[in-house]
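Novice: Contents are compact mmCIF, C-alpha atoms and all ligand atoms; file name protein-v5.txt:
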```
# COMPACT_ATOMS: atom_id res chain seq x y z
CA MET L 1 15.55 -33.89 136.36
CA THR L 2 12.61 -32.67 138.44
CA PRO L 3 13.90 -31.06 141.62
CA ARG L 4 12.84 -32.99 144.69
CA LYS L 5 10.93 -31.05 147.33
CA VAL L 6 13.26 -30.48 150.22
CA SER L 7 13.43 -27.92 152.97
CA LEU L 8 16.47 -25.74 153.47
CA SER L 9 18.06 -24.21 156.50
CA TYR L 10 20.92 -21.79 156.22
CA ALA L 11 23.15 -19.31 157.99
CA GLY L 12 25.90 -16.89 157.09
CA ALA L 13 28.29 -14.49 158.74
CA SER L 14 31.23 -12.29 157.90
CA ASP L 15 34.02 -11.49 160.32
CA ILE L 16 36.71 -8.83 160.01
CA GLY L 17 39.39 -11.24 161.27
CA LEU L 18 42.24 -10.20 163.56
CA VAL L 19 44.53 -8.19 161.27
CA ARG L 20 42.56 -6.15 158.72
CA SER L 21 41.20 -2.69 159.51
CA GLY L 22 38.02 -3.11 157.47
CA ASN L 23 35.83 -5.88 156.07
CA GLU L 24 35.80 -5.99 152.26
CA ASP L 25 33.81 -9.25 152.11
CA ALA L 26 30.08 -9.28 151.46
CA TYR L 27 27.51 -12.04 151.36
CA LEU L 28 23.91 -12.59 150.37
CA ILE L 29 21.28 -14.92 151.75
CA GLU L 30 18.05 -14.42 149.81
CA PRO L 31 16.73 -17.94 149.26
CA PRO L 32 16.95 -19.44 146.73
CA LEU L 33 20.02 -17.26 146.07
CA TYR L 34 23.22 -17.34 148.15
CA ALA L 35 26.51 -15.60 147.40
CA VAL L 36 29.89 -14.59 148.79
CA ALA L 37 32.04 -11.77 147.37
CA ASP L 38 35.52 -10.75 148.47
CA GLY L 39 36.39 -7.20 147.47
CA LEU L 40 39.81 -6.10 146.26
CA GLY L 41 41.31 -2.67 146.02
CA GLY L 42 41.83 -1.48 149.58
CA HIS L 43 40.92 1.90 151.07
CA GLN L 44 37.21 1.05 151.08
CA ALA L 45 37.15 0.36 147.32
CA GLY L 46 37.00 -3.40 147.86
CA GLU L 47 33.97 -2.90 150.06
CA VAL L 48 32.23 -0.88 147.36
CA ALA L 49 32.99 -3.52 144.74
CA SER L 50 31.80 -6.52 146.74
CA GLN L 51 28.62 -4.80 147.97
CA LEU L 52 27.74 -3.51 144.53
CA ALA L 53 28.39 -6.89 142.91
CA ILE L 54 26.09 -8.61 145.42
CA GLU L 55 23.34 -6.02 144.85
CA VAL L 56 23.52 -6.32 141.07
CA LEU L 57 23.64 -10.11 141.25
CA TYR L 58 20.47 -10.07 143.35
CA GLY L 59 18.77 -7.61 141.00
CA ASN L 60 19.58 -9.81 137.99
CA ALA L 61 19.00 -13.18 139.61
CA PRO L 62 17.23 -15.68 137.37
CA LYS L 63 13.80 -17.06 138.32
CA HIS L 64 15.09 -20.61 138.45
CA ALA L 65 18.28 -22.39 139.40
CA ASP L 66 19.94 -22.30 136.00
CA ALA L 67 23.72 -21.96 135.79
CA LYS L 68 23.79 -20.14 132.46
CA ALA L 69 21.30 -17.52 133.67
CA LEU L 70 23.16 -17.20 136.97
CA GLY L 71 26.38 -16.71 135.01
CA ARG L 72 24.68 -13.85 133.14
CA ALA L 73 23.75 -12.23 136.46
CA VAL L 74 27.42 -12.43 137.51
CA ARG L 75 28.41 -10.79 134.22
CA ALA L 76 25.92 -7.98 134.92
CA ALA L 77 27.61 -7.52 138.30
CA ASN L 78 30.98 -7.37 136.53
CA ALA L 79 29.73 -4.65 134.17
CA ALA L 80 28.33 -2.69 137.11
CA VAL L 81 31.65 -2.76 139.02
CA ILE L 82 33.55 -1.57 135.92
CA GLU L 83 30.96 1.15 135.33
CA ALA L 84 31.04 2.29 138.97
CA ALA L 85 34.84 2.65 138.91
CA ALA L 86 34.57 4.68 135.68
CA GLN L 87 31.99 6.92 137.37
CA GLY L 88 34.24 7.52 140.32
CA ARG L 89 32.49 5.23 142.83
CA GLY L 90 35.15 3.28 144.67
CA ARG L 91 38.44 3.34 142.78
CA THR L 92 39.83 2.37 139.41
CA GLY L 93 41.18 -1.13 139.70
CA MET L 94 38.74 -2.19 142.39
CA GLY L 95 37.34 -5.63 141.95
CA THR L 96 35.70 -8.53 143.70
CA THR L 97 35.38 -12.28 143.63
CA MET L 98 31.91 -13.80 143.36
CA THR L 99 30.73 -17.28 144.23
CA ALA L 100 26.97 -17.63 143.85
CA ALA L 101 24.60 -20.56 144.25
CA MET L 102 20.93 -20.85 143.46
CA ILE L 103 19.13 -23.79 145.03
CA GLU L 104 15.80 -25.27 143.95
CA GLY L 105 14.96 -28.49 145.69
CA THR L 106 18.11 -30.54 145.47
CA HIS L 107 19.12 -28.81 142.24
CA ILE L 108 21.97 -26.31 142.54
CA ALA L 109 23.24 -23.82 139.97
CA LEU L 110 26.68 -22.38 140.67
CA ALA L 111 28.50 -19.43 139.15
CA HIS L 112 31.97 -18.48 140.24
CA VAL L 113 34.84 -16.06 139.60
CA GLY L 114 37.99 -15.64 141.73
CA ASP L 115 39.29 -17.46 144.78
CA SER L 116 36.27 -17.57 147.04
CA ARG L 117 35.02 -21.15 147.08
CA ALA L 118 32.00 -23.40 146.99
CA TYR L 119 32.20 -26.76 148.78
CA LEU L 120 29.67 -29.54 149.15
CA LEU L 121 29.64 -31.98 152.01
CA ASN L 122 28.21 -34.85 149.99
CA ALA L 123 27.34 -38.05 151.84
CA GLY L 124 29.76 -36.95 154.57
CA ALA L 125 32.73 -36.18 152.32
CA LEU L 126 33.92 -32.70 151.35
CA LEU L 127 34.08 -31.83 147.65
CA GLN L 128 35.48 -28.55 146.39
CA LEU L 129 33.03 -27.50 143.70
CA SER L 130 34.73 -24.35 142.43
CA GLU L 131 38.18 -24.02 140.92
CA ASP L 132 40.20 -21.06 142.17
CA HIS L 133 41.11 -18.46 139.60
CA SER L 134 44.42 -17.69 141.24
CA MET L 135 48.11 -17.85 140.48
CA VAL L 136 48.79 -20.52 143.08
CA ALA L 137 45.86 -22.65 141.83
CA ASP L 138 47.40 -22.50 138.34
CA MET L 139 50.70 -23.63 139.86
CA VAL L 140 48.96 -26.53 141.65
CA ARG L 141 47.24 -27.54 138.39
CA SER L 142 50.57 -27.49 136.54
CA GLY L 143 52.14 -29.60 139.29
CA SER L 144 54.69 -27.05 140.48
CA LEU L 145 53.06 -26.52 143.88
CA THR L 146 51.15 -28.70 146.34
CA ALA L 147 47.70 -27.77 147.66
CA GLU L 148 49.17 -27.33 151.13
CA GLY L 149 51.96 -25.16 149.70
CA ALA L 150 49.36 -23.02 147.95
CA ARG L 151 47.52 -22.36 151.20
CA VAL L 152 50.57 -20.67 152.73
CA HIS L 153 52.24 -19.30 149.57
CA PRO L 154 53.15 -15.56 149.83
CA SER L 155 51.39 -14.90 146.49
CA ARG L 156 48.29 -16.89 147.40
CA SER L 157 46.06 -13.82 147.14
CA VAL L 158 47.02 -13.03 143.52
CA ILE L 159 43.88 -13.83 141.56
CA THR L 160 43.73 -14.31 137.81
CA ARG L 161 40.03 -13.60 137.26
CA ALA L 162 37.76 -11.18 139.13
CA LEU L 163 34.83 -8.88 138.59
CA GLY L 164 35.75 -5.28 137.79
CA SER L 165 38.46 -5.39 135.16
CA ASP L 166 37.63 -7.34 131.99
CA PRO L 167 34.29 -6.46 130.33
CA ASN L 168 34.41 -9.84 128.56
CA MET L 169 34.94 -11.80 131.76
CA ILE L 170 33.16 -15.13 131.87
CA ALA L 171 32.10 -16.89 135.05
CA ASP L 172 32.53 -20.62 135.60
CA ALA L 173 28.97 -21.89 135.80
CA PHE L 174 27.47 -25.33 136.17
CA ASP L 175 24.37 -27.14 137.41
CA PHE L 176 24.26 -30.27 139.53
CA ASP L 177 21.98 -32.21 141.85
CA ALA L 178 22.84 -32.51 145.51
CA MET L 179 21.36 -35.15 147.79
CA PRO L 180 19.12 -34.63 150.81
CA GLY L 181 21.42 -34.30 153.81
CA ASP L 182 24.17 -32.58 151.84
CA ARG L 183 25.60 -29.30 153.15
CA LEU L 184 26.73 -26.46 150.87
CA LEU L 185 29.42 -23.97 151.95
CA LEU L 186 30.30 -20.72 150.20
CA CYS L 187 33.29 -18.93 151.70
CA SER L 188 35.97 -16.32 151.15
CA ASP L 189 39.70 -17.11 151.11
CA GLY L 190 39.99 -15.71 154.64
CA LEU L 191 38.62 -19.12 155.68
CA THR L 192 40.47 -21.41 153.28
CA SER L 193 43.87 -19.73 153.67
CA MET L 194 43.63 -20.16 157.44
CA ILE L 195 42.32 -23.70 157.89
CA THR L 196 42.70 -26.89 155.86
CA ASP L 197 40.02 -28.71 153.88
CA ASP L 198 40.23 -31.51 156.46
CA ALA L 199 39.37 -29.04 159.22
CA ILE L 200 36.50 -27.63 157.15
CA GLU L 201 35.24 -31.15 156.48
CA LYS L 202 35.29 -32.05 160.15
CA ILE L 203 33.36 -28.92 161.12
CA LEU L 204 30.74 -29.45 158.40
CA GLN L 205 30.39 -33.12 159.39
CA THR L 206 29.87 -32.43 163.07
CA ALA L 207 28.17 -29.04 163.42
CA PRO L 208 24.54 -29.68 164.36
CA SER L 209 23.19 -26.70 162.38
CA PRO L 210 24.28 -24.20 159.72
CA GLU L 211 24.56 -21.54 162.47
CA ALA L 212 26.89 -23.74 164.48
CA ALA L 213 28.92 -24.58 161.36
CA VAL L 214 29.37 -20.91 160.41
CA ALA L 215 30.37 -19.96 163.95
CA ARG L 216 32.92 -22.78 164.20
CA LEU L 217 34.41 -22.07 160.77
CA ILE L 218 34.95 -18.41 161.62
CA SER L 219 36.33 -19.06 165.09
CA SER L 220 38.72 -21.70 163.70
CA ALA L 221 40.03 -19.25 161.07
CA ASN L 222 40.55 -16.63 163.79
CA ASP L 223 42.24 -19.18 166.07
CA ALA L 224 44.62 -19.87 163.17
CA GLY L 225 45.54 -16.18 162.86
CA GLY L 226 42.56 -14.45 161.25
CA GLN L 227 44.83 -12.76 158.69
CA ASP L 228 41.98 -11.83 156.34
CA ASN L 229 38.26 -11.15 156.44
CA ILE L 230 36.35 -14.41 156.89
CA THR L 231 32.95 -15.07 155.35
CA ALA L 232 30.96 -18.30 155.37
CA VAL L 233 27.48 -19.19 154.17
CA VAL L 234 26.20 -22.69 154.95
CA VAL L 235 23.03 -24.18 153.50
CA ASP L 236 21.68 -27.58 154.52
CA ILE L 237 19.90 -29.52 151.82
CA GLU L 238 17.44 -31.30 154.04
CA GLY L 239 14.71 -33.86 153.53
CA ALA L 240 14.50 -37.58 153.87
CA ALA L 241 17.66 -39.35 152.81
CA PRO L 242 17.13 -41.99 150.11
CA ALA L 243 15.78 -45.20 151.65
CA VAL L 244 18.52 -47.65 152.51
CA THR L 245 17.83 -50.98 150.87
CA ALA L 246 17.72 -53.80 153.37
CA GLY L 247 20.42 -56.43 153.06
CA ALA L 248 19.59 -59.42 150.86
CA THR L 249 19.86 -61.96 153.62
CA SER L 250 17.67 -60.22 156.15
CA ARG L 251 15.05 -59.49 153.53
CA HIS L 252 14.71 -62.79 151.79
CA THR L 253 15.72 -65.50 154.21
CA SER L 254 13.04 -66.58 156.56
CA ALA L 255 13.65 -69.77 158.46
CA GLU L 256 10.24 -71.36 158.23
CA ALA L 257 11.45 -74.89 158.91
CA PRO L 258 9.71 -76.75 161.75
CA VAL L 259 11.29 -76.58 165.14
CA VAL L 260 12.94 -79.91 165.89
CA VAL L 261 12.92 -81.07 169.46
CA PRO L 262 15.59 -83.72 170.04
CA SER L 263 14.67 -86.75 172.17
CA ALA L 264 17.27 -89.00 173.81
CA GLY L 265 17.39 -91.80 171.17
CA ARG L 266 16.93 -89.57 168.18
CA ALA L 267 19.47 -86.90 168.85
CA TRP L 268 21.40 -87.83 165.68
CA ILE L 269 18.25 -87.24 163.56
CA ALA L 270 17.90 -83.87 165.16
CA ARG L 271 21.55 -83.15 164.38
CA VAL L 272 21.03 -84.10 160.73
CA LEU L 273 17.88 -82.03 160.53
CA TRP L 274 19.66 -79.06 162.03
CA LEU L 275 22.47 -79.53 159.52
CA LEU L 276 19.99 -79.72 156.62
CA LEU L 277 18.24 -76.67 157.95
CA ALA L 278 21.55 -74.78 158.13
CA ILE L 279 22.38 -75.83 154.54
CA ALA L 280 18.91 -74.76 153.43
CA ILE L 281 19.32 -71.41 155.11
CA VAL L 282 22.71 -70.81 153.50
CA ALA L 283 21.50 -72.05 150.08
CA GLY L 284 18.35 -69.97 150.46
CA ALA L 285 20.39 -66.94 151.42
CA VAL L 286 22.72 -67.38 148.45
CA TRP L 287 19.74 -67.87 146.11
CA ALA L 288 18.00 -64.85 147.64
CA ALA L 289 21.15 -62.73 147.42
CA ASP L 290 21.64 -63.74 143.79
CA THR L 291 17.98 -63.03 142.93
CA TYR L 292 18.13 -59.72 144.74
CA ALA L 293 21.42 -58.75 143.07
CA LYS L 294 19.95 -59.44 139.62
CA SER L 295 17.20 -56.90 140.34
CA GLN L 296 19.80 -54.26 141.18
CA ALA L 297 22.31 -52.21 139.20
CA TYR L 298 24.96 -49.62 139.75
CA VAL L 299 26.92 -47.13 137.71
CA ILE L 300 30.58 -46.53 138.49
CA ALA L 301 33.70 -44.85 137.11
CA GLU L 302 36.04 -47.53 135.82
CA ASN L 303 39.19 -46.78 133.82
CA GLY L 304 37.95 -43.21 133.46
CA VAL L 305 34.64 -44.09 131.80
CA VAL L 306 31.12 -44.57 133.12
CA THR L 307 30.39 -48.30 133.43
CA VAL L 308 27.06 -50.01 134.17
CA TYR L 309 26.94 -53.14 136.33
CA GLN L 310 24.00 -55.39 137.03
CA GLY L 311 24.03 -56.54 140.64
CA VAL L 312 25.49 -55.08 143.81
CA PRO L 313 29.11 -54.20 144.57
CA GLY L 314 31.15 -56.78 146.47
CA GLU L 315 30.38 -60.43 147.12
CA PHE L 316 28.23 -62.62 149.36
CA ALA L 317 29.33 -65.98 150.77
CA GLY L 318 32.30 -65.87 148.41
CA ILE L 319 30.09 -65.36 145.36
CA ARG L 320 30.47 -62.26 143.24
CA LEU L 321 27.13 -60.56 142.75
CA ASN L 322 27.84 -58.16 139.87
CA TRP L 323 28.20 -58.39 136.15
CA VAL L 324 29.43 -55.72 133.69
CA GLN L 325 26.56 -54.68 131.41
CA THR L 326 27.81 -51.64 129.48
CA ILE L 327 31.07 -49.76 129.17
CA SER L 328 29.52 -46.50 128.04
CA GLY L 329 32.50 -44.59 126.65
CA ILE L 330 31.32 -41.49 128.54
CA PRO L 331 34.49 -39.97 130.04
CA VAL L 332 34.05 -39.22 133.74
CA ALA L 333 36.25 -36.14 133.24
CA ALA L 334 33.53 -34.62 131.02
CA LEU L 335 31.03 -34.60 133.91
CA ASP L 336 30.62 -32.00 136.63
CA PRO L 337 32.80 -32.52 139.72
CA VAL L 338 29.94 -33.67 141.97
CA THR L 339 28.71 -36.29 139.51
CA ALA L 340 32.29 -37.42 138.89
CA ALA L 341 32.98 -37.80 142.61
CA ARG L 342 29.77 -39.81 143.08
CA LEU L 343 30.65 -42.05 140.17
CA ARG L 344 34.04 -42.80 141.66
CA ALA L 345 32.19 -44.17 144.71
CA GLY L 346 29.47 -45.81 142.56
CA VAL L 347 25.80 -44.88 142.24
CA ARG L 348 23.33 -47.67 143.10
CA VAL L 349 19.97 -47.81 141.36
CA GLU L 350 16.97 -50.13 141.29
CA GLY L 351 17.58 -52.14 138.15
CA LEU L 352 19.11 -51.71 134.72
CA PRO L 353 16.46 -49.37 133.21
CA ALA L 354 17.25 -46.85 135.95
CA ALA L 355 20.97 -47.26 135.21
CA TYR L 356 20.41 -46.61 131.51
CA ALA L 357 18.31 -43.55 132.33
CA LEU L 358 21.29 -42.24 134.32
CA LEU L 359 23.60 -42.91 131.36
CA GLU L 360 21.34 -40.73 129.21
CA GLN L 361 21.67 -37.89 131.72
CA TYR L 362 25.45 -38.25 131.80
CA ARG L 363 25.59 -38.30 127.98
CA ALA L 364 23.57 -35.09 127.86
CA GLN L 365 25.81 -33.48 130.48
CA ALA L 366 28.96 -34.56 128.62
CA GLY L 367 27.45 -33.40 125.32
CA ILE L 368 27.75 -36.85 123.75
CA LEU L 369 25.19 -38.16 121.27
CA ALA L 370 23.56 -41.44 122.28
CA PRO L 371 24.66 -44.45 120.22
CA PRO L 372 21.98 -45.78 117.86
CA SER L 373 19.40 -47.67 119.90
CA SER L 374 19.47 -51.46 119.55
CA ALA L 375 15.72 -51.23 118.85
CA THR L 376 16.46 -49.29 115.65
CA PRO L 377 16.33 -51.68 112.71
CA THR L 378 19.61 -51.83 110.86
CA THR L 379 19.79 -52.72 107.20
CA THR L 380 22.48 -54.98 105.90
CA PRO L 381 23.51 -55.05 102.26
MG MG I 1 39.99 -12.36 151.17
```
As structure tokens, please, write out the structure in this file.
Ligand code: MG

Specialist:
Amino acid sequence: MTPRKVSLSYAGASDIGLVRSGNEDAYLIEPPLYAVADGLGGHQAGEVASQLAIEVLYGNAPKHADAKALGRAVRAANAAVIEAAAQGRGRTGMGTTMTAAMIEGTHIALAHVGDSRAYLLNAGALLQLSEDHSMVADMVRSGSLTAEGARVHPSRSVITRALGSDPNMIADAFDFDAMPGDRLLLCSDGLTSMITDDAIEKILQTAPSPEAAVARLISSANDAGGQDNITAVVVDIEGAAPAVTAGATSRHTSAEAPVVVPSAGRAWIARVLWLLLAIAIVAGAVWAADTYAKSQAYVIAENGVVTVYQGVPGEFAGIRLNWVQTISGIPVAALDPVTAARLRAGVRVEGLPAAYALLEQYRAQAGILAPPSSATPTTTP
């Protein structure tokens, strides 16, 4: 997909918190590259690891927002942290998390290791993009702990993957397309262990600028105890939001009937004419809504697979305005979390060809071969 031209505004800050004696977090804002790293190891070693990882990431950053290439840059940072410890910089056993995003237009590449996080406020709703590599996250995934329990669990800081220990470490990496108006947040666990996702969502929804969002996130984490270093980077994906399609009735129904002026003896005729006019308006509106709906399409997750509908969701004047066109067989679970979340809400497009173009993209993302085209001649014995 060609990245749309959008402008970006961004801000970031790191705060020591209220309990720790030093700040082992580090962050990077070098558009189009943004990153957060949370160092581990104590006694200044964590600081060395996170700083070094950020520097090496920057030095190896790809030219374009490509998740695989960004993942390679994270692996270079991993090798550098291991090498530095071996050379006596920092300490053996030092490490760091790394959550990095590269943004080109609305296209975002993400690479991630550890329990720092990437979130996207997408169409006003908060999505967690990264999966924590931590013991408590494993417990939540296996069902033995709730998300809220994980946030306050005594072992919440035990991470299962980090830079600095395993030379074969692999970063989670994926590409996706955000929408104009979305807001990206990268943060360390000093934020997410102090305040809930609901609180983060509210701040991202209401803060008028990235600067204001960063300041509010950090002050909220400190108000909640500030037990760890707190780092937040917020990037607004700006630009015109997609045009909102006008409602069918307001667009297609124009009452062009003559104005009827009732006179004393002919009031009943006027009443009939008004009634006919009302019927015509309703019939016209239904016809217009139906015609409009047939020009529209949407793609939605249904029973776990991507399904194409002609029409618009919902109904008008008691008439359903959508018809199933294709049950694609593409599992929603095979798509990246942002696409999957959007599909659960439904993605509206202008007509079926646009819907089928989207299906092709989802197939490619899920690594599924397209079924033979109906245009391909088939031979029968
Ligand atoms: Mg931390």

Novice: Taking all atoms listed in the file into account, report as a compact mmCIF listing (two decimals) with C-alpha atoms, keeping the file's coordinate frame which residues have an atom no farther than 8 Å from an atom of ligand MG 1 (chain I).

Specialist:
```txt
# COMPACT_ATOMS: atom_id res chain seq x y z
CA GLU L 24 35.80 -5.99 152.26
CA ASP L 25 33.81 -9.25 152.11
CA ASP L 38 35.52 -10.75 148.47
CA GLY L 39 36.39 -7.20 147.47
CA LEU L 40 39.81 -6.10 146.26
CA SER L 116 36.27 -17.57 147.04
CA SER L 157 46.06 -13.82 147.14
CA SER L 188 35.97 -16.32 151.15
CA ASP L 189 39.70 -17.11 151.11
CA GLY L 190 39.99 -15.71 154.64
CA ASP L 228 41.98 -11.83 156.34
CA ASN L 229 38.26 -11.15 156.44
CA ILE L 230 36.35 -14.41 156.89
```

Novice: Using Å and a single decimal, report how far CA of Leu8 in chain L sits from CA of Lys63 in chain L.

Specialist: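 Rounded to one decimal, the two atoms are 17.7 Å apart.
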
Novice: Nearest to Gly12 in chain L: which of L:Ala178, L:Val235, L:Leu110, L:Val74 is it, counting all atoms listed in the file?

Specialist: L:Val235

Novice: Counting only C-alpha atoms, what is within 8 Å of Gly93 in chain L, bar same-chain residues fewer than 2 positions away, as number ranges by chain?

Specialist: L: 41, 85, 91, 95, 164-165

Novice: Taking 6 positions as the minimum chain separation for residues in the same chain, which residues sit within 12 Å of Pro167 in chain L when counting only C-alpha atoms? Answer as a ChimeraX atom specification.

Specialist: /L:74-83,161

Novice: As JSON, please: the centre and edge lengths in Å, to one decimal, of an axis-aligned box enclosing every listed atom of range 146-160 of chain L with 6 Å added on each side.

Specialist:
```
{"center_x": 48.4, "center_y": -20.9, "center_z": 145.3, "size_x": 21.4, "size_y": 27.7, "size_z": 26.9}
```

Novice: Counting all atoms listed in the file, which residue out of L:Ala118, L:Asp177, L:Val48, L:Ser21 sits closest to Gly88 in chain L?

Specialist: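 When distances to Gly88 in chain L are compared using all atoms listed in the file, the smallest one comes from L:Val48.
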
Novice: To one decimal in Å, tell me the separation between CA of Val305 in chain L and CA of Gly329 in chain L.

Specialist: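 Pair CA of Val305 in chain L / CA of Gly329 in chain L returns 5.6 Å.
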
Novice: What's around Val299 in chain L at 10 Å? Count only C-alpha atoms, leave out sequence neighbours fewer than 2 positions away in its own chain, and write the answer as a list in words.

Specialist: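 Here the answer would be Ala297, Ala301, Glu302, Val306, Thr307, Val308, Tyr309, Gln310, Val324, Gln325, Thr326, Ile327, Arg342, Leu343, Arg344, Ala345, Gly346, Val347, Arg348, Val349, Leu352, Ala354, Ala355, Tyr356, Leu358 and Leu359 of chain L.
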
Novice: Just how far from CA of Arg151 in chain L is CA of Met135 in chain L, in Å to one decimal?

Specialist: 11.6 Å

Novice: Would you mind listing what lies within 12 Å of Ala364 in chain L as number ranges by chain, with only C-alpha atoms counted and same-chain residues fewer than 3 positions away left out?

Specialist: L: 1, 330, 334-336, 357-361, 367-370

Novice: Would you list the residues near (14.3, -22.4, 144.6) (no more than 12 Å away, in the coordinates of the file, using only C-alpha atoms) as an MDAnalysis selection string?

Specialist: chainID L and resid 3:8 30:34 61:66 101:109 237

Novice: Residues near Leu184 in chain L, anyone? I mean within 7 Å using only C-alpha atoms, not counting same-chain ones fewer than 4 positions away, as a list in words.

Specialist: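 In the requested format, the answer is Tyr119, Leu120, Leu121, Val234, Val235 and Asp236 of chain L.
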
Novice: Counting only C-alpha atoms, figure out which residue out of L:Thr192, L:Arg363, L:Ala224, L:Pro337 gets nearest to Leu127 in chain L.

Specialist: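 Among the listed residues, the smallest separation from Leu127 in chain L belongs to L:Pro337.
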
Novice: I need every residue sitting at most 6 Å from the point (29.2, -20.7, 147.6) (coordinates as in the file, only C-alpha atoms considered), written as a PyMOL selection string.

Specialist: chain L and resi 35+99-101+117-118+185-186
